[in-house]
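Chemist: Got a structure for you, questions after.
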Amino acid sequence: MNRVAFAALLSYWRCHPVQLAALVVGLALATALWSGVQAINSEARASYAAAARAIGGDDRPTLFPIQGQSIPVETYVSLRRAGWLVSPVIEGRLEVGGERFRLIGVDLVTAPPPALDADALETDVDASDTLGTPGRLFAPRDLAGRLTQSDLPPVVVAPELPAGIVLADVGVVTRLLDREASLDRLIVLPDQPLGRPPLEEIAPELEQRAPGSQEEVARLTDSFHLNLTAFGFLSFAVGLFIVHGAIGLAFEERRSTFRTLRALGLPLKRLVSLLAVELFAFAILSGGLGMLLGSIIAAALLPDVAATLEGLYGATVDESLSLRPAWWAAGLAIAVVGTSLAGAGAMWKVANLPALAAAQPRAWARASERTLWLQAGAALALIAFSGALAIAGSGLVAGFTLLGSLLLACALLLPLWLSVCLHLGRQMASGPISEWFWADTLQQLPGLRLAMMALLLALATNIGVGTMVQSFRLTFTGWLDQRLAAELYVEAEDAQQAEDLVAWLQPRSEAVLPIWSSELRLFGAPARVYGVVDHQTYRENWPLLAFLPGVWDRVEAGEGVLINEQLSRRENLSPGDPIRIDLWETRVAGIYSDYGNPSGQVIVGINELTRFDNLDRRDFGIRTEAPAELERALREDFGLASDQIVDQDALKRMSQEIFERTFSVTAALSVLTLGIAAVAMLTSLLTLANLRLPQLAPVWALGLTRKRLGLLELARSLLLAVLTFAAAVPVGLLLAWVLLTVVNVEAFGWQLPMYVFPSDWLTLGALSLISVALAGLWPAIRIATRPAADLIKVFAHER
Amino acid sequence: MLLKIKDLWKSFDTGSEQIGVLKGVNLTLPSATTLALTGESGSGKTTLLHLVAALDDPDRGQILLDGKKITDSDDADRARFRREIVGIVFQQFNLIPSLDAGANIAFQARLAGQYDPERVEWLADRLDLTAHLEKYPEQLSGGQQQRVAIGRALAGQPRLVLADEPTGNLDEETSTRVLDLMLELVAETDSALLMVTHSRHLASRLARRIHLSQGRLSETGNAQAAE
Amino acid sequence: MNVRAIFALVCLLIFSPGSVGAQGFAGLGSETEGFALPEPNPEFIFPADHGAHPDFRIEWWYVTANLEGPDGEPYGIQWTLFRTAVRPDEAESWSSPQVWFAHAAATTRTGHYVTERYARGGIGQAGVTAAPFSAWIDEWEMSGESVASVRLTAGSSQFAYDLSLEAQGPIVFQGEGGYSVKSDEGQASYYYSQPHYSVAGTLTLPEEGEIAVTGSAWLDREWSSQPLSERQTGWDWFSLHFDSGEKMMGYLMRQTDALPYAVSTWIDREGVATLLPVGALSAEPVEHTSVAGRKVPTTWRLQLPERELDIEVAALNPFAWNDTTFAYWEGPVFADGSHAGRGYLEMTGYE
């Protein structure tokens, strides 16, 4: 009985391939972007953890420098000599033939990683060859083949190494990276000896962190990943709109089949289970398809994400994707959950279907004022919730929840807005065709509601994100102009060269501005202190957001410091507030904007800089009238290497590049979301096409050509798109406002002024009209070219 | 002569074979006449009606309306013909669901540019629909819907009214009333009526009767033929 | 590939080539050419020769001590620093070809605690300086004004010791004036000892806690570049302090195709050493113990007719197995018979 009944249920799809396609495509797309984003996120997170695992230190505590970036080898040796069994790690990027790899150096003598055990390697290697010159590189199989460059050490395949990681002895890596003999961190080995002195006595400049916490970078990058997740979720929701529509229609159209099966003796429970099995099968099939799509999307976006994470947070992420079983399981699970969500209503209806209920084919399509008002009520509730959240909530998750509920509220209000517009249009219409057009569009609304809501979400997201990115770009460019006021920036090799450089530059330039700094911990987080000389360059250009009167005089006199916006927001500091930096008690004299940097920063008068240790006194900005000549002279006469000197334009260009890459992923995702919304529109129109026939056939019979009907259908889609777009502009601006004033502040610590770019909306409006036109074209052409016989059938069929 | 059909052939492709439905049909119909077209289920009555309504194309043969050939004309001409010359009443009513009863009745007349509010008002009154003009089709009973359909067909004063089993979906009492009304109105508006029905009883109410069988027409014309 | 294991094996090569087999080490063997080789009739220059000899492939500073607590309870400790070179030179920082490792152990009647350390040369994590004398790896140290007076420390998460060693007699040269032949094929090393240390200090054990200990210690210094003959499968090495004040060092190089190559040195009360002819010492296992899945002789009968020696040597703890990267038996022993005394026994190559 099951087989027969199942065959009867499935036969529907054979007759309605377009609906089948809508269901599969919708579910696949919903799964695709979501799982794509998840793949990117898990790849990045796995990369953070992989380094720890590769060196066998993932379950070990680790010593990090409290200040600065590196640990001198001498510190390592004094720890060992005090009975601290620790082992060094250094990390960097290896560039081979345009590809970049993570290169990790460990001490093969004190802590050989398990992945390099003799029986874990593909080939025998002589231990003595792994140290010194040339040494050996160890890489997983797929990487080994790509590490072919004559000046590299020979590569040994270590299949147990995590993807994307090249491992070698610390000495080999130090040489390859051309680094000074210094270390990034120290793994604390097990079985420490008795009577070991505390760390503060040996190396007070280091701190011990618990296992796993070396992924501090993972915490820093959380906001970025949350951002991606929000996008993934948005497109998942948009995709579910498609699925919901397709399932709803398929169930509605099969009501007579259900009734027949029930009448033939199929128990209701069995029918519902069979339908559940059917949906489950679709979910798995389409989910799998979506996962494949998602992996393609992820692979395409990952290099940009990796570049962003490295540029913004200094986190190294493997640029090639590896798909983990957990990812597949999660993706398929979300597909099943999504299908259940989208199909729950339809299933509920079936479960409550009386065996002999009268057919109500138009019930589903009937405009229901009640639904509109229910949606509006839900929207108002969501808006109230958002308001409460905006006042009471804090943190990034609250920010995104606020964003999500506002967007959802707007989407729920959309049908009401469209309905009001269409009613107005109908009242103003004259002539039978235009009256019918407005009335018919109004009647179409329930069927297209979800697709239009999806379109609204996609358009609003595009406008919102576009506004945010553009606002950021404008602010950032202006800020760069202020911040990078010096014409040339140089870095001396050492203190001696720095002195010579200043002496050489004094007579040849307008001003030499030291950019000296020291790294320290401020409010428990790494921060950097800069010292500046009193110079017009700063007084005229430095981008101050808020300040006390005579701010630069205060800084110069050592009576106050400047802090960056991040720090002021994080610690709730305003000008005039006291602040303690190391042992120095002083005051906040001003706050400046500091984009592209997640950490705190302080500017002090250069005379106060001596209060801090580990001064880096090698960097200078140079003011000059003739930067090109001076640059050449610095190179040719003074003998500065070309990588020690950079001009303002190049620095700005580099900064802009980092900026552009940071948002390229966001931009790509918003365009993809728009594409999915267009597909939602297409599938809705196509699934509606069969329902449309009985509505169009009489009009045709009464004297309209099919071509005219097709054009009207297209016009209807465009009308809805235009109305939706009109609604999307304010929603998008609202979204941008929330992004700029709530989410960005939580994620990065910056608040940006909002700029609007109406010309961008025109582009987007045109883009959306084109995509909707494309989506509407096929159904319109189908109607325009429909054989008369199909339409005639309407008059003969019992509906 | 209002309608002239010459040697009309039509067959349908079922996929495996061609089924000839009309095999050389000839018919003439003057103005202000009522004609019943009878025949068994599947004999091709509806097909013939659709051909006359310019909804479908014949394989061969000609249909002339008012001396103008409607076969072999383009889509636009045929659409104009449908809205200006013909009024159709379907068995399933086929009202426009998004328009109310009043708008449905006026729709074709307005399309044809022959909208006369007084006439619509008069028709509504005659059809007993005045109280229901602002209702939507799904809010109307079957009999009311069919009366709206008849009003729609007659509002533009078409030369030829085509009706396909117009009472087939109605109970006997309602169908008698609807038919009476239709015949009255056709007579009052000076139109010709071609009505497809399988009911000899209904057919007998019309002036002329023809029978479609084996793809050909035979004029029965009188009560004996209705036997 | 476990670098540590392989460096350890380089060392084991000298202990026991049979346990490694020829696989993988042909390459290393051919590199011997770059290393300096021991020559007969050596002239030692002190204190310089107490330091490292990086042009030799392998070298060690090997201390064993027989101790007793306030209650007369016997204990033993071992402190060994090994140096092995990938190439016969020294270089700065990470590029140093010198790799160091060390073993430390403490033995009681019922317990045996052992631990090991690894370090690379060039960065100061391990090394040896001659004057003032210091041999160290991590926090383990053997340091003092000179070799004659040193502080010896080592420990693990389970045990630790901190001992003062004072030499009560002169350095003793093994073999022919410090040139010690290991086989009749001519493999040899430079080898001298300081067997006259008196010891005082503390020993910390997991169950017993901190114990004040006194006793006597023996330092062996040995360096070479040559692997042992392929026919040799391991060795049994004895260092004995007799109650009479005399001392004896003897080893048997076990051979696959012949009787063991037996070498012994007799040291009289004044510290004068006499090299006895090859084969003079005979040693026969009396009792075996199953330890770490192997059968190891833990009671021996030693006979040296030239010195009218006929003793039974028995382990304080037969389970003194050093479960280090390369594993061997090393523990305190007691001698009974014609001469009573105590000492250390080391046995390698038991598979």
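Letters for chains follow the order of the structure tokens (A, B, ...), residue numbers begin at 1 for each chain, and ligand numbers begin at 1 in the order shown.
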Once you count only C-alpha atoms, which residues of chain A turn out to be within 9 Å of chain B? Could you give them as a PyMOL selection string?

Modeler: chain A and resi 362+431-433+435-436+439-443+694-707+788-789+791-792+794-799

Chemist: Please produce a file of the residues just selected, as an mmCIF file, in the first residue's frame, where the atoms kept are N, CA and C atoms.

Modeler:
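Result file is selection01.cif:
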data_model
loop_
_atom_site.group_PDB
_atom_site.id
_atom_site.type_symbol
_atom_site.label_atom_id
_atom_site.label_comp_id
_atom_site.auth_asym_id
_atom_site.auth_seq_id
_atom_site.Cartn_x
_atom_site.Cartn_y
_atom_site.Cartn_z
ATOM 1 N N ARG A 362 -9.163 27.863 -4.911
ATOM 2 C CA ARG A 362 -8.695 29.254 -4.847
ATOM 3 C C ARG A 362 -8.456 29.719 -3.417
ATOM 4 N N GLY A 431 -10.440 52.535 -17.527
ATOM 5 C CA GLY A 431 -10.327 51.580 -18.619
ATOM 6 C C GLY A 431 -10.347 50.183 -18.072
ATOM 7 N N PRO A 432 -10.979 49.279 -18.799
ATOM 8 C CA PRO A 432 -11.182 47.925 -18.283
ATOM 9 C C PRO A 432 -9.879 47.178 -18.047
ATOM 10 N N ILE A 433 -8.908 47.355 -18.975
ATOM 11 C CA ILE A 433 -7.682 46.562 -18.826
ATOM 12 C C ILE A 433 -6.893 47.030 -17.610
ATOM 13 N N GLU A 435 -8.024 48.573 -14.998
ATOM 14 C CA GLU A 435 -8.741 48.182 -13.787
ATOM 15 C C GLU A 435 -8.493 46.725 -13.448
ATOM 16 N N TRP A 436 -8.609 45.917 -14.525
ATOM 17 C CA TRP A 436 -8.372 44.484 -14.306
ATOM 18 C C TRP A 436 -6.946 44.241 -13.852
ATOM 19 N N ALA A 439 -6.576 45.152 -10.213
ATOM 20 C CA ALA A 439 -7.336 44.212 -9.393
ATOM 21 C C ALA A 439 -6.668 42.850 -9.385
ATOM 22 N N ASP A 440 -6.201 42.435 -10.547
ATOM 23 C CA ASP A 440 -5.588 41.120 -10.658
ATOM 24 C C ASP A 440 -4.250 41.061 -9.923
ATOM 25 N N THR A 441 -3.489 42.174 -9.994
ATOM 26 C CA THR A 441 -2.214 42.226 -9.268
ATOM 27 C C THR A 441 -2.472 42.091 -7.770
ATOM 28 N N LEU A 442 -3.504 42.801 -7.330
ATOM 29 C CA LEU A 442 -3.869 42.718 -5.927
ATOM 30 C C LEU A 442 -4.195 41.281 -5.548
ATOM 31 N N GLN A 443 -4.889 40.598 -6.475
ATOM 32 C CA GLN A 443 -5.252 39.224 -6.156
ATOM 33 C C GLN A 443 -4.045 38.291 -6.193
ATOM 34 N N PRO A 694 -6.535 29.686 -15.303
ATOM 35 C CA PRO A 694 -7.988 29.912 -15.234
ATOM 36 C C PRO A 694 -8.338 31.386 -15.065
ATOM 37 N N GLN A 695 -7.362 32.153 -14.536
ATOM 38 C CA GLN A 695 -7.650 33.572 -14.354
ATOM 39 C C GLN A 695 -7.437 34.349 -15.642
ATOM 40 N N LEU A 696 -6.497 33.858 -16.444
ATOM 41 C CA LEU A 696 -6.175 34.578 -17.671
ATOM 42 C C LEU A 696 -7.050 34.143 -18.845
ATOM 43 N N ALA A 697 -7.436 32.867 -18.855
ATOM 44 C CA ALA A 697 -8.160 32.341 -20.013
ATOM 45 C C ALA A 697 -9.446 33.118 -20.322
ATOM 46 N N PRO A 698 -10.263 33.462 -19.320
ATOM 47 C CA PRO A 698 -11.474 34.215 -19.641
ATOM 48 C C PRO A 698 -11.169 35.564 -20.281
ATOM 49 N N VAL A 699 -10.087 36.218 -19.761
ATOM 50 C CA VAL A 699 -9.728 37.520 -20.302
ATOM 51 C C VAL A 699 -9.319 37.378 -21.761
ATOM 52 N N TRP A 700 -8.609 36.306 -22.023
ATOM 53 C CA TRP A 700 -8.200 36.014 -23.404
ATOM 54 C C TRP A 700 -9.444 35.771 -24.270
ATOM 55 N N ALA A 701 -10.370 34.970 -23.738
ATOM 56 C CA ALA A 701 -11.563 34.633 -24.499
ATOM 57 C C ALA A 701 -12.405 35.874 -24.779
ATOM 58 N N LEU A 702 -12.312 36.828 -23.847
ATOM 59 C CA LEU A 702 -13.136 38.027 -24.022
ATOM 60 C C LEU A 702 -12.479 39.029 -24.951
ATOM 61 N N GLY A 703 -11.291 38.688 -25.491
ATOM 62 C CA GLY A 703 -10.784 39.545 -26.538
ATOM 63 C C GLY A 703 -9.434 40.182 -26.307
ATOM 64 N N LEU A 704 -8.556 39.580 -25.509
ATOM 65 C CA LEU A 704 -7.185 40.074 -25.400
ATOM 66 C C LEU A 704 -6.250 39.062 -26.061
ATOM 67 N N THR A 705 -5.198 39.579 -26.716
ATOM 68 C CA THR A 705 -4.255 38.630 -27.319
ATOM 69 C C THR A 705 -3.356 38.067 -26.224
ATOM 70 N N ARG A 706 -2.771 36.906 -26.537
ATOM 71 C CA ARG A 706 -1.867 36.277 -25.577
ATOM 72 C C ARG A 706 -0.633 37.145 -25.352
ATOM 73 N N LYS A 707 -0.198 37.812 -26.443
ATOM 74 C CA LYS A 707 0.972 38.674 -26.340
ATOM 75 C C LYS A 707 0.712 39.792 -25.324
ATOM 76 N N ALA A 788 -3.242 27.812 -27.882
ATOM 77 C CA ALA A 788 -4.635 28.098 -27.564
ATOM 78 C C ALA A 788 -5.282 26.901 -26.867
ATOM 79 N N ALA A 789 -4.858 25.710 -27.275
ATOM 80 C CA ALA A 789 -5.453 24.498 -26.722
ATOM 81 C C ALA A 789 -5.358 24.463 -25.203
ATOM 82 N N LEU A 791 -5.289 27.015 -23.170
ATOM 83 C CA LEU A 791 -6.248 27.957 -22.590
ATOM 84 C C LEU A 791 -7.667 27.419 -22.737
ATOM 85 N N ILE A 792 -7.908 26.793 -23.882
ATOM 86 C CA ILE A 792 -9.242 26.257 -24.115
ATOM 87 C C ILE A 792 -9.583 25.187 -23.092
ATOM 88 N N VAL A 794 -9.025 25.147 -20.136
ATOM 89 C CA VAL A 794 -9.575 25.749 -18.921
ATOM 90 C C VAL A 794 -11.095 25.738 -18.969
ATOM 91 N N PHE A 795 -11.629 26.002 -20.196
ATOM 92 C CA PHE A 795 -13.083 26.109 -20.301
ATOM 93 C C PHE A 795 -13.748 24.734 -20.196
ATOM 94 N N ALA A 796 -12.984 23.698 -20.510
ATOM 95 C CA ALA A 796 -13.554 22.357 -20.484
ATOM 96 C C ALA A 796 -13.320 21.662 -19.143
ATOM 97 N N HIS A 797 -12.198 22.001 -18.485
ATOM 98 C CA HIS A 797 -11.841 21.331 -17.228
ATOM 99 C C HIS A 797 -12.818 21.650 -16.117
ATOM 100 N N GLU A 798 -13.033 20.674 -15.315
ATOM 101 C CA GLU A 798 -13.713 21.021 -14.076
ATOM 102 C C GLU A 798 -12.669 21.536 -13.095
ATOM 103 N N ARG A 799 -12.836 22.743 -12.650
ATOM 104 C CA ARG A 799 -11.874 23.298 -11.708
ATOM 105 C C ARG A 799 -12.396 23.120 -10.298
#

Chemist: What are the residues of chain A that have an atom within 6 Å of an atom of chain C, counting only C-alpha atoms, as number ranges by chain?

Modeler: A: 77, 80-83, 109-110, 116-118, 127-128, 132, 171, 191-194

Chemist: Can you work out which one of A:Leu249, A:Ala144, A:Ala766, A:Ile90 has the shortest atom-to-atom distance to Ser182 of chain A, counting only C-alpha atoms?

Modeler: A:Ile90

Chemist: Find the spatial neighbours of Ala39 of chain A, counting only C-alpha atoms, within a cut-off of 10 Å - ignore same-chain residues fewer than 3 positions away - and output them as an NGL selection string.

Modeler: :A and (33-36 or 42-45 or 291 or 294-295 or 297-299 or 302 or 321-324 or 327-328 or 331)

Chemist: List the neighbours of segment 174-187 of chain B out to 12 Å using only C-alpha atoms; skip same-chain residues closer than 5 positions along the sequence, and give me the result as a PyMOL selection string.

Modeler: chain B and resi 31-36+87-89+91+119+122-128+141-155+157-163+165-169+192-195+197+199+201-207

Chemist: If you measure from atom CA of His339 of chain C to atom CA of Leu304 of chain C, what distance in Å do you get, rounded to one decimal?

Modeler: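 One can read the atom CA of His339 of chain C to atom CA of Leu304 of chain C distance as 11.1 Å.
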